[in-house]
>>> print(open('coords_8.cif').read())   # mmCIF, C-alpha atoms and all ligand atoms
data_work
#
loop_
_atom_site.group_PDB
_atom_site.id
_atom_site.type_symbol
_atom_site.label_atom_id
_atom_site.label_comp_id
_atom_site.auth_asym_id
_atom_site.auth_seq_id
_atom_site.Cartn_x
_atom_site.Cartn_y
_atom_site.Cartn_z
ATOM 1 C CA MET A 1 0.000 0.000 0.000
ATOM 2 C CA SER A 2 2.903 2.399 0.681
ATOM 3 C CA GLN A 3 3.806 2.231 -3.021
ATOM 4 C CA ARG A 4 0.222 3.193 -3.909
ATOM 5 C CA LYS A 5 0.532 6.318 -1.807
ATOM 6 C CA ARG A 6 2.926 7.715 -4.371
ATOM 7 C CA ILE A 7 0.509 7.148 -7.232
ATOM 8 C CA LYS A 8 -1.685 10.104 -8.121
ATOM 9 C CA ALA A 9 -5.081 9.851 -9.737
ATOM 10 C CA VAL A 10 -6.186 12.129 -12.570
ATOM 11 C CA ILE A 11 -9.913 12.448 -13.256
ATOM 12 C CA PRO A 12 -10.713 14.221 -16.544
ATOM 13 C CA ALA A 13 -14.101 15.925 -16.249
ATOM 14 C CA ALA A 14 -13.835 18.637 -18.885
ATOM 15 C CA GLY A 15 -15.818 17.102 -21.748
ATOM 16 C CA LEU A 16 -18.798 18.942 -23.194
ATOM 17 C CA GLY A 17 -21.259 16.169 -22.373
ATOM 18 C CA THR A 18 -23.344 16.930 -25.446
ATOM 19 C CA ARG A 19 -25.301 13.674 -25.206
ATOM 20 C CA PHE A 20 -26.918 15.009 -22.057
ATOM 21 C CA LEU A 21 -27.970 18.445 -23.268
ATOM 22 C CA PRO A 22 -29.717 20.473 -22.015
ATOM 23 C CA ALA A 23 -28.962 19.009 -18.542
ATOM 24 C CA THR A 24 -25.275 19.709 -19.137
ATOM 25 C CA LYS A 25 -25.676 23.317 -20.269
ATOM 26 C CA ALA A 26 -24.771 24.674 -16.851
ATOM 27 C CA MET A 27 -23.566 21.505 -15.116
ATOM 28 C CA PRO A 28 -20.837 19.008 -16.032
ATOM 29 C CA LYS A 29 -22.174 15.522 -16.766
ATOM 30 C CA GLU A 30 -19.891 14.220 -14.013
ATOM 31 C CA MET A 31 -22.146 16.052 -11.518
ATOM 32 C CA LEU A 32 -25.345 14.261 -12.567
ATOM 33 C CA PRO A 33 -26.649 12.397 -9.506
ATOM 34 C CA VAL A 34 -26.522 8.624 -9.509
ATOM 35 C CA VAL A 35 -29.135 7.921 -6.800
ATOM 36 C CA ASP A 36 -27.931 10.568 -4.324
ATOM 37 C CA LYS A 37 -24.275 11.182 -5.155
ATOM 38 C CA PRO A 38 -22.813 12.841 -8.237
ATOM 39 C CA ALA A 39 -21.106 10.354 -10.567
ATOM 40 C CA ILE A 40 -17.690 11.867 -9.939
ATOM 41 C CA GLN A 41 -17.895 11.229 -6.188
ATOM 42 C CA TYR A 42 -18.108 7.468 -6.843
ATOM 43 C CA VAL A 43 -14.967 7.804 -8.980
ATOM 44 C CA VAL A 44 -13.035 9.759 -6.330
ATOM 45 C CA GLU A 45 -14.111 7.171 -3.731
ATOM 46 C CA GLU A 46 -12.838 4.396 -5.986
ATOM 47 C CA ALA A 47 -9.388 6.008 -6.168
ATOM 48 C CA VAL A 48 -9.301 6.533 -2.403
ATOM 49 C CA THR A 49 -10.368 2.908 -1.792
ATOM 50 C CA ALA A 50 -7.458 1.751 -3.977
ATOM 51 C CA GLY A 51 -5.074 3.591 -1.626
ATOM 52 C CA ILE A 52 -4.579 6.752 -3.695
ATOM 53 C CA ASP A 53 -4.772 9.945 -1.654
ATOM 54 C CA ASP A 54 -3.831 12.602 -4.222
ATOM 55 C CA VAL A 55 -6.526 13.273 -6.817
ATOM 56 C CA LEU A 56 -6.378 15.853 -9.600
ATOM 57 C CA ILE A 57 -9.637 16.725 -11.339
ATOM 58 C CA ILE A 58 -9.419 18.317 -14.791
ATOM 59 C CA LEU A 59 -12.207 20.866 -15.041
ATOM 60 C CA GLY A 60 -13.964 22.377 -18.022
ATOM 61 C CA ARG A 61 -16.830 24.844 -18.237
ATOM 62 C CA ASN A 62 -18.905 25.198 -15.094
ATOM 63 C CA LYS A 63 -15.859 24.267 -13.055
ATOM 64 C CA ASN A 64 -17.247 25.557 -9.761
ATOM 65 C CA ASN A 65 -19.925 22.889 -9.574
ATOM 66 C CA ILE A 66 -17.345 20.170 -9.056
ATOM 67 C CA SER A 67 -14.969 21.955 -6.697
ATOM 68 C CA ASN A 68 -17.885 23.256 -4.587
ATOM 69 C CA HIS A 69 -19.157 19.718 -4.217
ATOM 70 C CA PHE A 70 -15.975 18.458 -2.574
ATOM 71 C CA ASP A 71 -15.695 21.513 -0.268
ATOM 72 C CA ALA A 72 -17.091 21.566 3.251
ATOM 73 C CA VAL A 73 -20.284 23.621 3.691
ATOM 74 C CA PRO A 74 -20.180 24.732 7.378
ATOM 75 C CA GLU A 75 -23.663 26.321 7.434
ATOM 76 C CA LEU A 76 -25.262 23.164 6.033
ATOM 77 C CA GLU A 77 -23.367 21.003 8.515
ATOM 78 C CA SER A 78 -24.330 23.124 11.524
ATOM 79 C CA ASN A 79 -27.948 23.179 10.358
ATOM 80 C CA LEU A 80 -28.072 19.369 10.219
ATOM 81 C CA GLU A 81 -26.235 19.150 13.540
ATOM 82 C CA LYS A 82 -28.801 21.438 15.211
ATOM 83 C CA LYS A 83 -31.616 19.283 13.847
ATOM 84 C CA GLY A 84 -29.828 16.189 15.118
ATOM 85 C CA ASP A 85 -29.936 14.673 11.612
ATOM 86 C CA LEU A 86 -26.689 12.781 12.024
ATOM 87 C CA GLU A 87 -27.217 10.370 9.152
ATOM 88 C CA LYS A 88 -27.461 13.192 6.595
ATOM 89 C CA LEU A 89 -24.636 15.049 8.337
ATOM 90 C CA ASP A 90 -22.443 11.988 7.908
ATOM 91 C CA ARG A 91 -23.272 11.786 4.193
ATOM 92 C CA VAL A 92 -22.465 15.468 3.686
ATOM 93 C CA LYS A 93 -19.184 15.212 5.586
ATOM 94 C CA LYS A 94 -18.093 12.138 3.601
ATOM 95 C CA SER A 95 -18.231 14.122 0.364
ATOM 96 C CA SER A 96 -15.789 16.739 1.659
ATOM 97 C CA ASP A 97 -13.474 14.360 3.452
ATOM 98 C CA LEU A 98 -11.988 12.416 0.560
ATOM 99 C CA GLY A 99 -8.308 13.265 0.796
ATOM 100 C CA ASP A 100 -6.293 15.740 -1.148
ATOM 101 C CA ILE A 101 -8.274 16.947 -4.192
ATOM 102 C CA HIS A 102 -6.611 19.344 -6.646
ATOM 103 C CA TYR A 103 -8.109 21.098 -9.650
ATOM 104 C CA LEU A 104 -6.827 22.290 -13.004
ATOM 105 C CA ARG A 105 -8.660 23.736 -15.986
ATOM 106 C CA GLN A 106 -8.303 22.209 -19.394
ATOM 107 C CA GLY A 107 -9.083 25.470 -21.175
ATOM 108 C CA GLU A 108 -10.487 24.226 -24.428
ATOM 109 C CA PRO A 109 -11.927 20.696 -24.629
ATOM 110 C CA LYS A 110 -9.420 19.420 -27.179
ATOM 111 C CA GLY A 111 -9.866 15.777 -26.305
ATOM 112 C CA LEU A 112 -9.116 13.250 -23.584
ATOM 113 C CA GLY A 113 -5.427 13.060 -24.555
ATOM 114 C CA HIS A 114 -5.150 16.822 -24.154
ATOM 115 C CA ALA A 115 -6.904 16.690 -20.747
ATOM 116 C CA VAL A 116 -4.416 14.041 -19.564
ATOM 117 C CA LEU A 117 -1.474 16.074 -20.862
ATOM 118 C CA ARG A 118 -2.638 19.023 -18.734
ATOM 119 C CA SER A 119 -1.866 16.925 -15.635
ATOM 120 C CA ARG A 120 1.848 16.686 -16.488
ATOM 121 C CA SER A 121 3.156 19.321 -14.060
ATOM 122 C CA HIS A 122 1.091 17.923 -11.182
ATOM 123 C CA VAL A 123 1.957 14.274 -11.841
ATOM 124 C CA GLY A 124 5.659 14.721 -12.635
ATOM 125 C CA ASP A 125 7.827 11.800 -13.637
ATOM 126 C CA THR A 126 5.849 8.991 -12.033
ATOM 127 C CA THR A 127 3.285 6.380 -12.949
ATOM 128 C CA PHE A 128 -0.263 7.659 -12.445
ATOM 129 C CA ALA A 129 -3.840 6.469 -12.734
ATOM 130 C CA VAL A 130 -6.517 8.020 -14.955
ATOM 131 C CA LEU A 131 -10.158 7.437 -14.060
ATOM 132 C CA LEU A 132 -12.852 8.894 -16.308
ATOM 133 C CA GLY A 133 -15.284 10.926 -14.260
ATOM 134 C CA ASP A 134 -18.401 9.618 -16.003
ATOM 135 C CA ASP A 135 -17.446 5.943 -15.981
ATOM 136 C CA LEU A 136 -18.530 4.059 -12.850
ATOM 137 C CA ILE A 137 -17.051 0.737 -11.811
ATOM 138 C CA ASP A 138 -19.228 -0.978 -9.221
ATOM 139 C CA ALA A 139 -17.380 -0.889 -5.890
ATOM 140 C CA ARG A 140 -18.197 -4.598 -5.442
ATOM 141 C CA ASP A 141 -16.143 -5.522 -8.536
ATOM 142 C CA PRO A 142 -12.579 -4.274 -8.004
ATOM 143 C CA LEU A 143 -10.573 -3.267 -11.051
ATOM 144 C CA LEU A 144 -8.116 -0.487 -10.241
ATOM 145 C CA ASP A 145 -6.316 -2.598 -7.642
ATOM 146 C CA ARG A 146 -5.706 -5.356 -10.197
ATOM 147 C CA MET A 147 -4.387 -2.795 -12.675
ATOM 148 C CA LEU A 148 -2.025 -1.253 -10.116
ATOM 149 C CA ASP A 149 -0.778 -4.751 -9.223
ATOM 150 C CA GLN A 150 -0.038 -5.485 -12.888
ATOM 151 C CA ASN A 151 1.822 -2.184 -13.235
ATOM 152 C CA GLU A 152 3.832 -2.883 -10.097
ATOM 153 C CA ALA A 153 4.740 -6.331 -11.409
ATOM 154 C CA THR A 154 5.828 -5.151 -14.885
ATOM 155 C CA GLY A 155 6.464 -1.390 -14.735
ATOM 156 C CA LEU A 156 4.329 -1.001 -17.865
ATOM 157 C CA THR A 157 1.154 0.854 -18.813
ATOM 158 C CA VAL A 158 -2.072 -1.000 -18.072
ATOM 159 C CA VAL A 159 -5.498 -0.385 -19.619
ATOM 160 C CA ALA A 160 -8.875 -1.827 -18.644
ATOM 161 C CA LEU A 161 -10.687 -3.875 -21.280
ATOM 162 C CA MET A 162 -14.241 -5.123 -21.421
ATOM 163 C CA GLU A 163 -15.784 -7.431 -23.975
ATOM 164 C CA VAL A 164 -18.657 -5.728 -25.817
ATOM 165 C CA SER A 165 -20.841 -6.862 -28.721
ATOM 166 C CA PRO A 166 -19.635 -6.202 -32.308
ATOM 167 C CA GLU A 167 -22.542 -3.734 -32.602
ATOM 168 C CA GLN A 168 -21.136 -1.629 -29.762
ATOM 169 C CA ILE A 169 -17.427 -1.612 -30.533
ATOM 170 C CA HIS A 170 -17.682 1.531 -32.726
ATOM 171 C CA MET A 171 -18.322 3.567 -29.550
ATOM 172 C CA TYR A 172 -14.993 2.597 -27.963
ATOM 173 C CA GLY A 173 -11.272 2.242 -28.528
ATOM 174 C CA ALA A 174 -10.763 -1.393 -29.598
ATOM 175 C CA ALA A 175 -7.669 -3.456 -28.708
ATOM 176 C CA ALA A 176 -5.750 -6.108 -30.632
ATOM 177 C CA VAL A 177 -4.595 -8.546 -27.953
ATOM 178 C CA GLU A 178 -2.428 -11.594 -27.288
ATOM 179 C CA PRO A 179 -3.096 -13.956 -24.387
ATOM 180 C CA THR A 180 -0.797 -14.308 -21.354
ATOM 181 C CA ASP A 181 -0.651 -17.126 -18.780
ATOM 182 C CA ASP A 182 -3.287 -15.275 -16.786
ATOM 183 C CA PRO A 183 -6.772 -15.513 -18.413
ATOM 184 C CA ASP A 184 -7.646 -12.039 -17.083
ATOM 185 C CA ILE A 185 -4.552 -10.314 -18.479
ATOM 186 C CA VAL A 186 -3.624 -9.760 -22.135
ATOM 187 C CA LYS A 187 -0.821 -8.054 -23.956
ATOM 188 C CA VAL A 188 -2.165 -5.183 -26.065
ATOM 189 C CA THR A 189 -0.535 -5.161 -29.496
ATOM 190 C CA GLY A 190 -2.551 -2.377 -31.099
ATOM 191 C CA LEU A 191 -5.455 0.017 -30.590
ATOM 192 C CA VAL A 192 -8.015 1.637 -32.873
ATOM 193 C CA GLU A 193 -10.277 4.500 -31.754
ATOM 194 C CA LYS A 194 -13.973 3.971 -32.504
ATOM 195 C CA PRO A 195 -13.559 1.469 -35.388
ATOM 196 C CA LYS A 196 -16.314 0.295 -37.694
ATOM 197 C CA LYS A 197 -17.511 -3.212 -36.757
ATOM 198 C CA GLU A 198 -15.618 -4.755 -39.692
ATOM 199 C CA ASP A 199 -12.356 -2.920 -38.856
ATOM 200 C CA ALA A 200 -12.278 -3.758 -35.132
ATOM 201 C CA PRO A 201 -9.283 -5.943 -34.173
ATOM 202 C CA SER A 202 -11.363 -7.592 -31.405
ATOM 203 C CA ASN A 203 -14.434 -6.999 -29.248
ATOM 204 C CA TYR A 204 -12.256 -5.839 -26.372
ATOM 205 C CA ALA A 205 -13.165 -2.217 -25.663
ATOM 206 C CA ILE A 206 -11.025 0.151 -23.607
ATOM 207 C CA ILE A 207 -13.008 1.435 -20.642
ATOM 208 C CA GLY A 208 -12.271 4.449 -18.474
ATOM 209 C CA ARG A 209 -9.456 3.243 -16.218
ATOM 210 C CA TYR A 210 -5.755 3.540 -17.082
ATOM 211 C CA VAL A 211 -2.482 3.162 -15.203
ATOM 212 C CA LEU A 212 -0.017 5.169 -17.284
ATOM 213 C CA THR A 213 3.744 5.433 -17.230
ATOM 214 C CA PRO A 214 5.025 9.031 -17.471
ATOM 215 C CA GLY A 215 6.441 8.424 -20.974
ATOM 216 C CA VAL A 216 2.887 8.978 -22.227
ATOM 217 C CA PHE A 217 3.333 12.740 -21.716
ATOM 218 C CA ASP A 218 6.110 13.056 -24.318
ATOM 219 C CA ILE A 219 3.982 11.095 -26.758
ATOM 220 C CA LEU A 220 0.901 13.241 -26.077
ATOM 221 C CA GLU A 221 2.947 16.424 -26.652
ATOM 222 C CA ARG A 222 3.373 15.390 -30.276
ATOM 223 C CA THR A 223 0.077 13.550 -30.839
ATOM 224 C CA GLU A 224 -1.876 15.292 -33.576
ATOM 225 C CA PRO A 225 -5.672 15.589 -33.360
ATOM 226 C CA GLY A 226 -7.229 12.318 -34.532
ATOM 227 C CA LYS A 227 -10.841 11.033 -34.645
ATOM 228 C CA GLY A 228 -13.309 13.890 -34.189
ATOM 229 C CA GLY A 229 -10.509 16.474 -34.384
ATOM 230 C CA GLU A 230 -9.582 15.648 -30.756
ATOM 231 C CA ILE A 231 -6.219 14.652 -29.262
ATOM 232 C CA GLN A 232 -6.953 11.025 -28.520
ATOM 233 C CA LEU A 233 -5.421 9.156 -25.592
ATOM 234 C CA THR A 234 -5.920 5.976 -27.623
ATOM 235 C CA ASP A 235 -3.511 7.238 -30.296
ATOM 236 C CA ALA A 236 -0.790 7.798 -27.675
ATOM 237 C CA LEU A 237 -1.482 4.358 -26.207
ATOM 238 C CA GLN A 238 -1.079 2.832 -29.654
ATOM 239 C CA GLU A 239 2.457 4.247 -29.762
ATOM 240 C CA LEU A 240 3.166 2.922 -26.268
ATOM 241 C CA ALA A 241 1.910 -0.525 -27.315
ATOM 242 C CA GLU A 242 4.355 -0.489 -30.249
ATOM 243 C CA THR A 243 7.312 0.593 -28.094
ATOM 244 C CA ASP A 244 7.377 -0.053 -24.325
ATOM 245 C CA GLY A 245 4.372 -2.395 -24.275
ATOM 246 C CA VAL A 246 0.900 -2.183 -22.778
ATOM 247 C CA TYR A 247 -1.076 -4.733 -20.753
ATOM 248 C CA GLY A 248 -4.830 -5.055 -20.585
ATOM 249 C CA VAL A 249 -6.725 -6.229 -17.509
ATOM 250 C CA ILE A 250 -10.023 -7.788 -18.549
ATOM 251 C CA PHE A 251 -12.942 -6.543 -16.495
ATOM 252 C CA ARG A 252 -15.991 -8.788 -16.224
ATOM 253 C CA GLY A 253 -17.835 -6.867 -13.518
ATOM 254 C CA ARG A 254 -20.510 -4.180 -13.388
ATOM 255 C CA ARG A 255 -19.767 -0.900 -15.148
ATOM 256 C CA TYR A 256 -22.006 2.081 -15.874
ATOM 257 C CA ASP A 257 -21.257 4.705 -18.508
ATOM 258 C CA THR A 258 -23.132 7.623 -16.983
ATOM 259 C CA GLY A 259 -22.334 9.816 -20.007
ATOM 260 C CA ASP A 260 -24.820 7.728 -22.001
ATOM 261 C CA ARG A 261 -28.486 8.396 -21.204
ATOM 262 C CA ALA A 262 -29.769 4.809 -21.227
ATOM 263 C CA ASP A 263 -26.754 3.521 -19.278
ATOM 264 C CA TYR A 264 -27.175 6.353 -16.780
ATOM 265 C CA ILE A 265 -30.760 5.318 -16.058
ATOM 266 C CA LYS A 266 -29.709 1.661 -15.736
ATOM 267 C CA ALA A 267 -26.974 2.686 -13.264
ATOM 268 C CA ILE A 268 -29.472 4.455 -11.022
ATOM 269 C CA VAL A 269 -31.901 1.529 -11.056
ATOM 270 C CA GLN A 270 -29.218 -1.124 -10.466
ATOM 271 C CA LEU A 271 -27.516 0.743 -7.637
ATOM 272 C CA ALA A 272 -30.780 1.810 -5.981
ATOM 273 C CA VAL A 273 -32.409 -1.652 -5.872
ATOM 274 C CA ASP A 274 -29.351 -3.037 -4.082
ATOM 275 C CA ARG A 275 -29.434 -0.385 -1.366
ATOM 276 C CA ASP A 276 -30.835 -1.136 2.075
ATOM 277 C CA ASP A 277 -32.644 2.202 2.302
ATOM 278 C CA LEU A 278 -34.293 2.105 -1.142
ATOM 279 C CA GLY A 279 -34.380 -1.488 -2.384
ATOM 280 C CA VAL A 280 -37.308 -2.613 -0.220
ATOM 281 C CA GLU A 281 -39.580 -0.011 -1.772
ATOM 282 C CA LEU A 282 -38.177 -0.158 -5.289
ATOM 283 C CA ARG A 283 -37.973 -3.901 -5.993
ATOM 284 C CA PRO A 284 -41.737 -4.710 -5.829
ATOM 285 C CA TRP A 285 -42.562 -1.485 -7.667
ATOM 286 C CA LEU A 286 -40.137 -2.355 -10.457
ATOM 287 C CA LYS A 287 -41.621 -5.854 -10.810
ATOM 288 C CA ASP A 288 -45.127 -4.394 -11.150
ATOM 289 C CA PHE A 289 -43.895 -1.774 -13.558
ATOM 290 C CA ALA A 290 -42.049 -4.323 -15.723
ATOM 291 C CA ALA A 291 -45.095 -6.646 -15.729
ATOM 292 C CA GLY A 292 -47.130 -3.816 -17.271
ATOM 293 C CA LEU A 293 -44.691 -3.168 -20.125
HETATM 294 P P1 LIG B 301 -16.458 11.643 -23.882
HETATM 295 O O1 LIG B 301 -15.913 10.918 -25.020
HETATM 296 O O2 LIG B 301 -17.590 10.978 -23.145
HETATM 297 O O3 LIG B 301 -16.882 13.087 -24.433
HETATM 298 O O4 LIG B 301 -15.286 11.946 -22.853
HETATM 299 P P2 LIG B 301 -17.785 14.271 -23.940
HETATM 300 O O5 LIG B 301 -17.512 15.379 -24.894
HETATM 301 O O6 LIG B 301 -17.582 14.617 -22.502
HETATM 302 O O7 LIG B 301 -19.305 13.766 -24.055
HETATM 303 P P3 LIG B 301 -20.332 13.818 -25.284
HETATM 304 O O8 LIG B 301 -19.908 12.727 -26.215
HETATM 305 O O9 LIG B 301 -20.283 15.194 -25.886
HETATM 306 O O10 LIG B 301 -21.680 13.547 -24.649
HETATM 307 C C1 LIG B 301 -14.693 10.930 -22.066
HETATM 308 C C2 LIG B 301 -14.102 11.542 -20.803
HETATM 309 O O11 LIG B 301 -13.072 12.469 -21.118
HETATM 310 C C3 LIG B 301 -13.347 13.741 -20.585
HETATM 311 C C4 LIG B 301 -14.843 13.759 -20.330
HETATM 312 O O12 LIG B 301 -15.184 14.673 -19.302
HETATM 313 C C5 LIG B 301 -15.116 12.312 -19.954
HETATM 314 O O13 LIG B 301 -14.799 12.059 -18.593
HETATM 315 N N1 LIG B 301 -12.880 14.763 -21.549
HETATM 316 C C6 LIG B 301 -13.194 14.648 -22.879
HETATM 317 C C7 LIG B 301 -12.118 15.826 -21.113
HETATM 318 O O14 LIG B 301 -11.831 15.953 -19.892
HETATM 319 N N2 LIG B 301 -11.698 16.754 -22.017
HETATM 320 C C8 LIG B 301 -11.993 16.664 -23.337
HETATM 321 O O15 LIG B 301 -11.566 17.551 -24.100
HETATM 322 C C9 LIG B 301 -12.755 15.580 -23.774
#
>>> encode(input="coords_8.cif", output="structure tokens", more="lines below")
Ligand code: UTP
Amino acid sequence: MSQRKRIKAVIPAAGLGTRFLPATKAMPKEMLPVVDKPAIQYVVEEAVTAGIDDVLIILGRNKNNISNHFDAVPELESNLEKKGDLEKLDRVKKSSDLGDIHYLRQGEPKGLGHAVLRSRSHVGDTTFAVLLGDDLIDARDPLLDRMLDQNEATGLTVVALMEVSPEQIHMYGAAAVEPTDDPDIVKVTGLVEKPKKEDAPSNYAIIGRYVLTPGVFDILERTEPGKGGEIQLTDALQELAETDGVYGVIFRGRRYDTGDRADYIKAIVQLAVDRDDLGVELRPWLKDFAAGL
């Protein structure tokens, strides 16, 4: 765990979130509530649970929403304290007690690769983790820990991969892979951003968790805009796969892409029915509702 302490987490949250307009006109999509917490709080909690205590959030428009959320709000706390509402007080305090959170603006949203490059001065010359702020990994299905272990064992960059259907692969970066002795770990030999079904090297999609070696910064400095006119992290990873080498950890657990409207709704339903405080009421209602469809 002491090794982990030196690893910093970078959470890019500067995208335009156009799929969620107009909700994201004045609010980043990472602040959309998933049950009763904004998506990005789950992501910060995931980093903290993996032993990382230095988190840098890359902000875009409407930056104050995110930084305000992780700040303490003394008047709200004293109000809840006076009312004796300790359960809510505890929930409020948890959101402002998540370790050392730093912020940086991306300026223009020139792509995920550009957002990651902005973290260079904060991260320095060390391996770091990138967690996308709209991509939730269910806390019951650990992933980041396995990725950090693989990086510690090899010193190389590690990406998270998930098998998707051929119909979905065009929405992701797709990886060409070779097996290793471990069925959950592959060697990544190439990457293509958002390929057509027929051009995809496999159905392994890159999802929003990365453990990156600092060499990625030099590559990103000279990465030209790619798909969609954006500086793509996938393009830099392709170069790393050709040179140093990249591993993929295969994730078979529960993941929710809260930047996608249908997936966002599924995330809320799935997480809410499993909760002690909401499941009892929601489960029978959902059954009735589904029976009427
Ligand atoms: P997306 O590909 O989901 O893009 O970004 P987007 O622009 O935010 O959303 P849509 O497609 O318009 O709805 C993946 C992740 O990278 C971040 C986003 O905030 C998200 O966490 N990102 C993307 C940046 O931080 N900066 C960028 O310039 C682009």
>>> resolve_selection(input="coords_8.cif", expression="the PyMOL selection byres (((chain A and resi 224-233) around 6) and not hetatm)", output="list in words")
Lys110, Gly111, Leu112, Gly113, His114, Thr223, Thr234, Asp235 and Ala236 of chain A
>>> resolve_selection(input="coords_8.cif", expression="the PyMOL selection byres (((not hetatm)) within 8 of (chain B and resi 301))", output="PyMOL selection string")
chain A and resi 11-20+28-30+58-60+106+108-116+131-135+208+230-231+259-260
>>> resolve_selection(input="coords_8.cif", expression="the PyMOL selection byres (((chain A and resi 98-105) around 8) and not hetatm)", output="PyMOL selection string")
chain A and resi 14+44-45+48+53-60+63+67+70+94-97+106-107+118-119
>>> write_last_selection(input="coords_8.cif", atoms="C-alpha atoms", output="PDB file, in the frame of the given file")
ATOM      1  CA  ALA A  14     -13.835  18.637 -18.885  1.00  0.00           C
ATOM      2  CA  VAL A  44     -13.035   9.759  -6.330  1.00  0.00           C
ATOM      3  CA  GLU A  45     -14.111   7.171  -3.731  1.00  0.00           C
ATOM      4  CA  VAL A  48      -9.301   6.533  -2.403  1.00  0.00           C
ATOM      5  CA  ASP A  53      -4.772   9.945  -1.654  1.00  0.00           C
ATOM      6  CA  ASP A  54      -3.831  12.602  -4.222  1.00  0.00           C
ATOM      7  CA  VAL A  55      -6.526  13.273  -6.817  1.00  0.00           C
ATOM      8  CA  LEU A  56      -6.378  15.853  -9.600  1.00  0.00           C
ATOM      9  CA  ILE A  57      -9.637  16.725 -11.339  1.00  0.00           C
ATOM     10  CA  ILE A  58      -9.419  18.317 -14.791  1.00  0.00           C
ATOM     11  CA  LEU A  59     -12.207  20.866 -15.041  1.00  0.00           C
ATOM     12  CA  GLY A  60     -13.964  22.377 -18.022  1.00  0.00           C
ATOM     13  CA  LYS A  63     -15.859  24.267 -13.055  1.00  0.00           C
ATOM     14  CA  SER A  67     -14.969  21.955  -6.697  1.00  0.00           C
ATOM     15  CA  PHE A  70     -15.975  18.458  -2.574  1.00  0.00           C
ATOM     16  CA  LYS A  94     -18.093  12.138   3.601  1.00  0.00           C
ATOM     17  CA  SER A  95     -18.231  14.122   0.364  1.00  0.00           C
ATOM     18  CA  SER A  96     -15.789  16.739   1.659  1.00  0.00           C
ATOM     19  CA  ASP A  97     -13.474  14.360   3.452  1.00  0.00           C
ATOM     20  CA  GLN A 106      -8.303  22.209 -19.394  1.00  0.00           C
ATOM     21  CA  GLY A 107      -9.083  25.470 -21.175  1.00  0.00           C
ATOM     22  CA  ARG A 118      -2.638  19.023 -18.734  1.00  0.00           C
ATOM     23  CA  SER A 119      -1.866  16.925 -15.635  1.00  0.00           C
TER      24      SER A 119
END
>>> closest_atom_pairs(input="coords_8.cif", of="segment 140-231 of chain A", to="segment 237-241 of chain A", cutoff="6 Å", atoms="only C-alpha atoms", output="JSON lines")
{"residue": "A:Thr189", "atom": "CA", "partner": "A:Ala241", "partner_atom": "CA", "distance": 5.7}
{"residue": "A:Gly190", "atom": "CA", "partner": "A:Gln238", "partner_atom": "CA", "distance": 5.6}
{"residue": "A:Leu191", "atom": "CA", "partner": "A:Gln238", "partner_atom": "CA", "distance": 5.3}
>>> residues_around(input="coords_8.cif", residues="Leu144 of chain A", least_positions_apart="5", cutoff="9 Å", atoms="all atoms listed in the file", output="compact mmCIF listing (two decimals) with C-alpha atoms, in the frame of the given file")
# COMPACT_ATOMS: atom_id res chain seq x y z
CA GLU A 46 -12.84 4.40 -5.99
CA ALA A 47 -9.39 6.01 -6.17
CA ALA A 50 -7.46 1.75 -3.98
CA ALA A 129 -3.84 6.47 -12.73
CA ASP A 149 -0.78 -4.75 -9.22
CA ALA A 160 -8.88 -1.83 -18.64
CA ARG A 209 -9.46 3.24 -16.22
CA TYR A 210 -5.76 3.54 -17.08
CA VAL A 211 -2.48 3.16 -15.20
>>> axis_aligned_box(input="coords_8.cif", around="segment 107-116 of chain A", padding_each_side="5 Å", output="lines of an AutoDock Vina configuration file")
center_x = -8.2
center_y = 19.3
center_z = -23.4
size_x = 17.5
size_y = 22.4
size_z = 17.6
>>> residues_near_point(input="coords_8.cif", point="(-24.0, -0.9, -32.5)", cutoff="12 Å", atoms="all atoms listed in the file", output="list in words")
Val164, Ser165, Pro166, Glu167, Gln168, Ile169, His170, Met171, Tyr172, Lys194, Pro195, Lys196, Lys197, Glu198 and Asn203 of chain A
>>> atom_distance(input="coords_8.cif", atom1="atom CA of Asp90 of chain A", atom2="atom CA of Arg275 of chain A")
17.0 Å
>>> atom_distance(input="coords_8.cif", atom1="atom CA of Glu152 of chain A", atom2="atom CA of Gly253 of chain A")
22.3 Å
>>> residues_around(input="coords_8.cif", residues="Gly215 of chain A", least_positions_apart="6", cutoff="10 Å", atoms="all atoms listed in the file", output="list in words")
Asp125, Thr126, Thr127, Thr157, Ala236, Leu240 and Asp244 of chain A
>>> residues_around(input="coords_8.cif", residues="Asp36 of chain A", least_positions_apart="2", cutoff="12 Å", atoms="all atoms listed in the file", output="PyMOL selection string")
chain A and resi 31-34+38-42+88+91-92+95+267-269+271-272+275+277-278
>>> closest_residue(input="coords_8.cif", among="A:Gly84, A:Ser121, A:Val216, A:Ile137", to="Thr243 of chain A", atoms="all atoms listed in the file")
A:Val216
>>> closest_residue(input="coords_8.cif", among="A:Ala176, A:Val246, A:Leu212, A:Leu89", to="Asp199 of chain A", atoms="only C-alpha atoms")
A:Ala176
>>> residues_near_point(input="coords_8.cif", point="(-20.0, -4.8, -5.7)", cutoff="10 Å", atoms="only C-alpha atoms", output="PDB file with C-alpha atoms, in the coordinates of the input")
ATOM      1  CA  ILE A 137     -17.051   0.737 -11.811  1.00  0.00           C
ATOM      2  CA  ASP A 138     -19.228  -0.978  -9.221  1.00  0.00           C
ATOM      3  CA  ALA A 139     -17.380  -0.889  -5.890  1.00  0.00           C
ATOM      4  CA  ARG A 140     -18.197  -4.598  -5.442  1.00  0.00           C
ATOM      5  CA  ASP A 141     -16.143  -5.522  -8.536  1.00  0.00           C
ATOM      6  CA  PRO A 142     -12.579  -4.274  -8.004  1.00  0.00           C
ATOM      7  CA  GLY A 253     -17.835  -6.867 -13.518  1.00  0.00           C
ATOM      8  CA  ARG A 254     -20.510  -4.180 -13.388  1.00  0.00           C
ATOM      9  CA  LEU A 271     -27.516   0.743  -7.637  1.00  0.00           C
ATOM     10  CA  ASP A 274     -29.351  -3.037  -4.082  1.00  0.00           C
TER      11      ASP A 274
END
